[in-house]
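So this block is my_file_25.pdb, PDB, C-alpha atoms, pLDDT in the B column:
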ATOM      1  CA  MET A  22       3.857   3.965  16.587  1.00 75.00           C
ATOM      2  CA  HIS A  23       2.642   7.441  17.457  1.00 81.00           C
ATOM      3  CA  PRO A  24      -1.157   7.619  17.965  1.00 86.00           C
ATOM      4  CA  ASN A  25      -1.487  10.344  15.300  1.00 91.00           C
ATOM      5  CA  VAL A  26       0.225   8.107  12.738  1.00 94.00           C
ATOM      6  CA  LYS A  27      -1.992   5.165  13.566  1.00 95.00           C
ATOM      7  CA  ALA A  28      -5.155   7.303  13.396  1.00 96.00           C
ATOM      8  CA  VAL A  29      -4.269   8.811  10.022  1.00 97.00           C
ATOM      9  CA  LEU A  30      -3.305   5.443   8.510  1.00 98.00           C
ATOM     10  CA  GLU A  31      -6.584   3.997   9.764  1.00 98.00           C
ATOM     11  CA  LYS A  32      -8.430   6.933   8.178  1.00 98.00           C
ATOM     12  CA  ILE A  33      -6.745   6.320   4.804  1.00 98.00           C
ATOM     13  CA  LYS A  34      -7.753   2.642   4.951  1.00 98.00           C
ATOM     14  CA  LYS A  35     -11.327   3.552   5.856  1.00 98.00           C
ATOM     15  CA  GLU A  36     -11.642   6.087   3.031  1.00 98.00           C
ATOM     16  CA  ILE A  37     -10.141   3.671   0.489  1.00 98.00           C
ATOM     17  CA  ASN A  38     -12.477   0.858   1.533  1.00 97.00           C
ATOM     18  CA  GLU A  39     -15.467   3.205   1.471  1.00 97.00           C
ATOM     19  CA  GLU A  40     -14.513   4.195  -2.071  1.00 97.00           C
ATOM     20  CA  TYR A  41     -13.864   0.709  -3.498  1.00 97.00           C
ATOM     21  CA  GLY A  42     -15.572  -1.743  -1.161  1.00 95.00           C
ATOM     22  CA  PHE A  43     -14.941  -5.463  -0.794  1.00 95.00           C
ATOM     23  CA  HIS A  44     -15.141  -8.651  -2.830  1.00 93.00           C
ATOM     24  CA  GLU A  45     -15.854 -11.690  -0.663  1.00 91.00           C
ATOM     25  CA  ASP A  46     -14.481  -9.943   2.456  1.00 93.00           C
ATOM     26  CA  ILE A  47     -11.249  -8.910   0.700  1.00 93.00           C
ATOM     27  CA  PRO A  48     -10.719  -5.183   0.076  1.00 97.00           C
ATOM     28  CA  ARG A  49     -10.983  -4.480  -3.659  1.00 96.00           C
ATOM     29  CA  ILE A  50      -7.936  -2.174  -3.493  1.00 97.00           C
ATOM     30  CA  ASN A  51      -5.915  -5.300  -2.663  1.00 95.00           C
ATOM     31  CA  TYR A  52      -7.063  -7.014  -5.881  1.00 89.00           C
ATOM     32  CA  GLY A  53      -4.635  -5.540  -8.394  1.00 88.00           C
ATOM     33  CA  PRO A  54      -4.403  -1.845  -7.570  1.00 96.00           C
ATOM     34  CA  CYS A  55      -2.376  -2.645  -4.431  1.00 97.00           C
ATOM     35  CA  GLY A  56       0.801  -1.864  -6.387  1.00 97.00           C
ATOM     36  CA  VAL A  57      -0.496   1.541  -7.450  1.00 97.00           C
ATOM     37  CA  PHE A  58      -1.612   2.284  -3.890  1.00 98.00           C
ATOM     38  CA  ALA A  59       1.807   1.244  -2.538  1.00 98.00           C
ATOM     39  CA  LYS A  60       3.621   3.482  -5.051  1.00 98.00           C
ATOM     40  CA  ILE A  61       1.418   6.509  -4.292  1.00 98.00           C
ATOM     41  CA  PHE A  62       1.785   6.007  -0.534  1.00 98.00           C
ATOM     42  CA  PHE A  63       5.543   5.298  -0.711  1.00 98.00           C
ATOM     43  CA  ASP A  64       6.232   8.407  -2.802  1.00 98.00           C
ATOM     44  CA  LYS A  65       4.208  10.765  -0.618  1.00 98.00           C
ATOM     45  CA  TRP A  66       5.419   9.323   2.704  1.00 98.00           C
ATOM     46  CA  ASN A  67       9.075   9.489   1.683  1.00 97.00           C
ATOM     47  CA  LYS A  68       8.662  13.027   0.365  1.00 97.00           C
ATOM     48  CA  LEU A  69       7.258  14.245   3.682  1.00 96.00           C
ATOM     49  CA  PHE A  70       8.981  12.239   6.394  1.00 96.00           C
ATOM     50  CA  ASP A  71      12.588  11.648   7.469  1.00 94.00           C
ATOM     51  CA  ASN A  72      11.878   8.063   8.543  1.00 95.00           C
ATOM     52  CA  LYS A  73      11.452   6.329   5.201  1.00 97.00           C
ATOM     53  CA  SER A  74       9.149   3.541   4.101  1.00 98.00           C
ATOM     54  CA  HIS A  75       9.803   0.938   1.415  1.00 97.00           C
ATOM     55  CA  ILE A  76       7.790  -1.376  -0.770  1.00 98.00           C
ATOM     56  CA  CYS A  77       7.483  -5.121  -0.167  1.00 98.00           C
ATOM     57  CA  PHE A  78       6.276  -7.834  -2.496  1.00 98.00           C
ATOM     58  CA  ILE A  79       4.299 -10.754  -1.111  1.00 98.00           C
ATOM     59  CA  LEU A  80       5.499 -13.629  -3.296  1.00 98.00           C
ATOM     60  CA  THR A  81       4.527 -17.253  -3.681  1.00 97.00           C
ATOM     61  CA  PRO A  82       7.115 -19.650  -2.188  1.00 96.00           C
ATOM     62  CA  THR A  83       8.421 -20.405  -5.686  1.00 96.00           C
ATOM     63  CA  LYS A  84       8.954 -16.663  -6.275  1.00 96.00           C
ATOM     64  CA  ASP A  85       7.173 -16.871  -9.620  1.00 96.00           C
ATOM     65  CA  GLU A  86       4.052 -14.913  -8.695  1.00 96.00           C
ATOM     66  CA  CYS A  87       3.260 -11.834  -6.624  1.00 97.00           C
ATOM     67  CA  ASP A  88       0.123 -12.087  -4.508  1.00 96.00           C
ATOM     68  CA  HIS A  89       0.172  -8.596  -2.996  1.00 97.00           C
ATOM     69  CA  ILE A  90       2.224  -5.408  -2.652  1.00 98.00           C
ATOM     70  CA  VAL A  91       2.508  -3.522   0.642  1.00 98.00           C
ATOM     71  CA  VAL A  92       4.555  -0.772   2.252  1.00 98.00           C
ATOM     72  CA  ARG A  93       6.946  -1.400   5.152  1.00 98.00           C
ATOM     73  CA  LEU A  94       6.531   1.489   7.576  1.00 98.00           C
ATOM     74  CA  PRO A  95       9.493   2.817   9.584  1.00 96.00           C
ATOM     75  CA  SER A  96       7.948   1.088  12.629  1.00 96.00           C
ATOM     76  CA  GLY A  97       8.525  -2.267  10.897  1.00 97.00           C
ATOM     77  CA  GLU A  98       4.826  -2.887  10.403  1.00 97.00           C
ATOM     78  CA  LEU A  99       3.263  -3.440   6.994  1.00 98.00           C
ATOM     79  CA  TYR A 100       0.582  -1.231   5.479  1.00 98.00           C
ATOM     80  CA  ASP A 101      -1.822  -1.348   2.570  1.00 98.00           C
ATOM     81  CA  GLY A 102      -4.989   0.487   1.634  1.00 97.00           C
ATOM     82  CA  GLY A 103      -7.337  -2.391   2.378  1.00 97.00           C
ATOM     83  CA  ILE A 104      -6.160  -4.182   5.521  1.00 97.00           C
ATOM     84  CA  GLY A 105      -4.302  -1.198   6.926  1.00 98.00           C
ATOM     85  CA  ILE A 106      -1.547  -1.706   9.494  1.00 97.00           C
ATOM     86  CA  HIS A 107      -0.533  -5.341   9.950  1.00 97.00           C
ATOM     87  CA  THR A 108       2.503  -7.537  10.564  1.00 97.00           C
ATOM     88  CA  ASP A 109       4.556 -10.045   8.609  1.00 97.00           C
ATOM     89  CA  ASN A 110       2.573 -12.808  10.340  1.00 96.00           C
ATOM     90  CA  GLU A 111      -0.281 -12.075   7.933  1.00 93.00           C
ATOM     91  CA  TYR A 112       1.781 -13.766   5.184  1.00 96.00           C
ATOM     92  CA  LEU A 113       4.583 -15.893   6.611  1.00 91.00           C
ATOM     93  CA  ASN A 114       2.757 -19.221   6.637  1.00 92.00           C
ATOM     94  CA  LYS A 115       1.958 -19.096   2.874  1.00 96.00           C
ATOM     95  CA  PHE A 116       4.179 -16.463   1.256  1.00 97.00           C
ATOM     96  CA  LEU A 117       7.632 -14.882   1.165  1.00 97.00           C
ATOM     97  CA  ILE A 118       8.140 -11.187   1.797  1.00 97.00           C
ATOM     98  CA  ASP A 119      10.625  -9.635  -0.618  1.00 97.00           C
ATOM     99  CA  GLU A 120      11.625  -6.160   0.534  1.00 97.00           C
ATOM    100  CA  MET A 121      12.606  -3.590  -2.063  1.00 98.00           C
ATOM    101  CA  ILE A 122      14.970  -1.506   0.061  1.00 95.00           C
ATOM    102  CA  ASP A 123      16.251   0.477  -2.930  1.00 96.00           C
ATOM    103  CA  TYR A 124      13.416   1.587  -5.171  1.00 97.00           C
ATOM    104  CA  ASP A 125      13.350  -0.188  -8.555  1.00 97.00           C
ATOM    105  CA  GLU A 126      10.590   0.959 -10.921  1.00 95.00           C
ATOM    106  CA  HIS A 127      11.130  -2.027 -13.231  1.00 96.00           C
ATOM    107  CA  LEU A 128      10.656  -4.481 -10.356  1.00 97.00           C
ATOM    108  CA  LEU A 129       7.496  -2.719  -9.155  1.00 97.00           C
ATOM    109  CA  GLU A 130       6.153  -2.713 -12.702  1.00 96.00           C
ATOM    110  CA  LYS A 131       6.890  -6.444 -12.983  1.00 97.00           C
ATOM    111  CA  TRP A 132       5.269  -7.533  -9.722  1.00 97.00           C
ATOM    112  CA  SER A 133       2.272  -5.213 -10.073  1.00 96.00           C
ATOM    113  CA  TYR A 134       1.703  -6.684 -13.541  1.00 95.00           C
ATOM    114  CA  GLY A 135       1.646  -3.132 -14.861  1.00 92.00           C
ATOM    115  CA  LEU A 136       1.021   0.033 -12.891  1.00 92.00           C
ATOM    116  CA  ASP A 137      -1.008   1.660 -15.645  1.00 92.00           C
ATOM    117  CA  ARG A 138      -3.850  -0.763 -16.263  1.00 92.00           C
ATOM    118  CA  THR A 139      -7.485  -1.327 -15.394  1.00 91.00           C
ATOM    119  CA  TYR A 140      -8.956  -3.829 -12.955  1.00 92.00           C
ATOM    120  CA  PRO A 141     -12.300  -4.744 -14.566  1.00 88.00           C
ATOM    121  CA  ARG A 142     -12.975  -7.908 -12.586  1.00 88.00           C
ATOM    122  CA  PHE A 143     -12.341  -6.978  -8.944  1.00 91.00           C
ATOM    123  CA  CYS A 144     -11.900  -3.193  -8.817  1.00 93.00           C
ATOM    124  CA  PRO A 145     -13.686  -1.839 -11.894  1.00 93.00           C
ATOM    125  CA  ASN A 146     -14.113   1.723 -10.607  1.00 94.00           C
ATOM    126  CA  PHE A 147     -10.459   2.148  -9.556  1.00 96.00           C
ATOM    127  CA  ASN A 148      -9.307   5.720 -10.047  1.00 96.00           C
ATOM    128  CA  ARG A 149      -5.684   6.678  -9.417  1.00 97.00           C
ATOM    129  CA  ASP A 150      -6.579  10.335  -8.910  1.00 97.00           C
ATOM    130  CA  LYS A 151      -9.004   9.470  -6.091  1.00 98.00           C
ATOM    131  CA  VAL A 152      -6.374   7.327  -4.371  1.00 98.00           C
ATOM    132  CA  GLU A 153      -3.803  10.105  -4.679  1.00 98.00           C
ATOM    133  CA  LYS A 154      -6.252  12.606  -3.210  1.00 98.00           C
ATOM    134  CA  ILE A 155      -7.032  10.335  -0.228  1.00 98.00           C
ATOM    135  CA  VAL A 156      -3.386   9.484   0.466  1.00 98.00           C
ATOM    136  CA  HIS A 157      -1.967  12.955  -0.151  1.00 98.00           C
ATOM    137  CA  SER A 158      -4.551  14.878   1.890  1.00 98.00           C
ATOM    138  CA  ASN A 159      -4.242  12.525   4.866  1.00 98.00           C
ATOM    139  CA  LEU A 160      -0.433  12.360   4.843  1.00 97.00           C
ATOM    140  CA  ASP A 161      -0.258  16.147   4.476  1.00 97.00           C
ATOM    141  CA  GLU A 162      -2.467  16.389   7.566  1.00 95.00           C
ATOM    142  CA  LEU A 163      -0.210  13.944   9.419  1.00 96.00           C
ATOM    143  CA  PHE A 164       2.812  16.050   8.505  1.00 95.00           C
ATOM    144  CA  LYS A 165       1.090  19.125   9.928  1.00 94.00           C
ATOM    145  CA  LEU A 166       0.432  17.214  13.167  1.00 90.00           C
ATOM    146  CA  THR A 167       3.823  15.581  13.600  1.00 90.00           C
ATOM    147  CA  GLY A 168       6.415  17.361  11.493  1.00 84.00           C
ATOM    148  CA  SER A 169       9.002  15.376   9.569  1.00 81.00           C
ATOM    149  CA  LEU A 170       9.285  12.593  12.167  1.00 76.00           C
ATOM    150  CA  PRO A 171       6.011  10.653  12.402  1.00 79.00           C
TER     151      PRO A 171
END
Whole structure, structure tokens version:
Amino acid sequence: MHPNVKAVLEKIKKEINEEYGFHEDIPRINYGPCGVFAKIFFDKWNKLFDNKSHICFILTPTKDECDHIVVRLPSGELYDGGIGIHTDNEYLNKFLIDEMIDYDEHLLEKWSYGLDRTYPRFCPNFNRDKVEKIVHSNLDELFKLTGSLP
């Protein structure tokens, strides 16, 4: 992964965690709003860059519950707003990774348990507009640095 890409993705994670904080060492963005973050990131990344990303669902082994939603970067690594860049190994011992290669809004809506909802327990001050601003401004900056091929 290009150093500029890594630096910008790290900056997004830092800004998101500064905005929403943690609950028992787990980033609050990963408690519910992870699906919204993934959608915002996926849309902006794929609009700007030739090398596309896609959304992945971290499912229980029985495939009846989604624990987390992340983005698969073109490098093959996973990304979310709380942990940042990581690998499949983060999940493989307890979960299945279901990759949504072709975007399906209904499936994302299902596994995010609703994209347009509040998160009063773990991320009460979640604000979609703030997340969009953080993601969009940083990815726009990355595009300026790297062009269409990050």
Give me the result of the PyMOL selection byres ((chain A and resi 171) around 9) on this file, residue by residue, as a PyMOL selection string. chain A and resi 22-23+25-26+70-72+163-164+166-170
Open item on the list: Please expand the PyMOL selection byres ((chain A and resi 118-134) around 12) into the concrete residues it hits in this file, giving the result as a PyMOL selection string.
Closed with: chain A and resi 51-60+63-64+67+73-95+97+99+108-117+135-140
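Distances here use all atoms listed in the file; by that measure, the residue among A:Ile155, A:Cys144, A:Ala28, A:Ile61 closest to A:Ile47 is A:Cys144.
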message: Translate the PyMOL selection byres ((chain A and resi 38) around 8) into a concrete residue list for this structure, as number ranges by chain.
response: A: 34-37, 39-43, 48-50, 102-103
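Each of A:Lys65, A:His107, A:His44, A:Lys27 was checked against A:Lys154 using all atoms listed in the file; the smallest atom-to-atom distance is that of A:Lys65.
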Can you work out the spacing between atom CA of A:Lys32 and atom CA of A:Asp150 in Å, to one decimal?
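Going from atom CA of A:Lys32 over to atom CA of A:Asp150, I get 17.5 Å.
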- Query: Do you have the atom CA of A:Leu160-atom CA of A:Ile104 distance handy?
  - Reply: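 Interatomic distance, atom CA of A:Leu160 to atom CA of A:Ile104: 17.5 Å.
As for atom CA of A:Lys68 and atom CA of A:His157, they are spaced 10.6 Å apart.
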So for stretch 102-111 of chain A, what box centre and size do we get, axis-aligned, 5 Å extra on each of the six sides, every listed atom, Å to one decimal, as AutoDock Vina command-line options?
--center_x -1.4 --center_y -6.2 --center_z 6.1 --size_x 21.9 --size_y 23.3 --size_z 18.9
Among A:Ile33, A:Phe147, A:Leu69, A:Asp46, A:Asp161 is approached most closely, using only C-alpha atoms, by A:Leu69
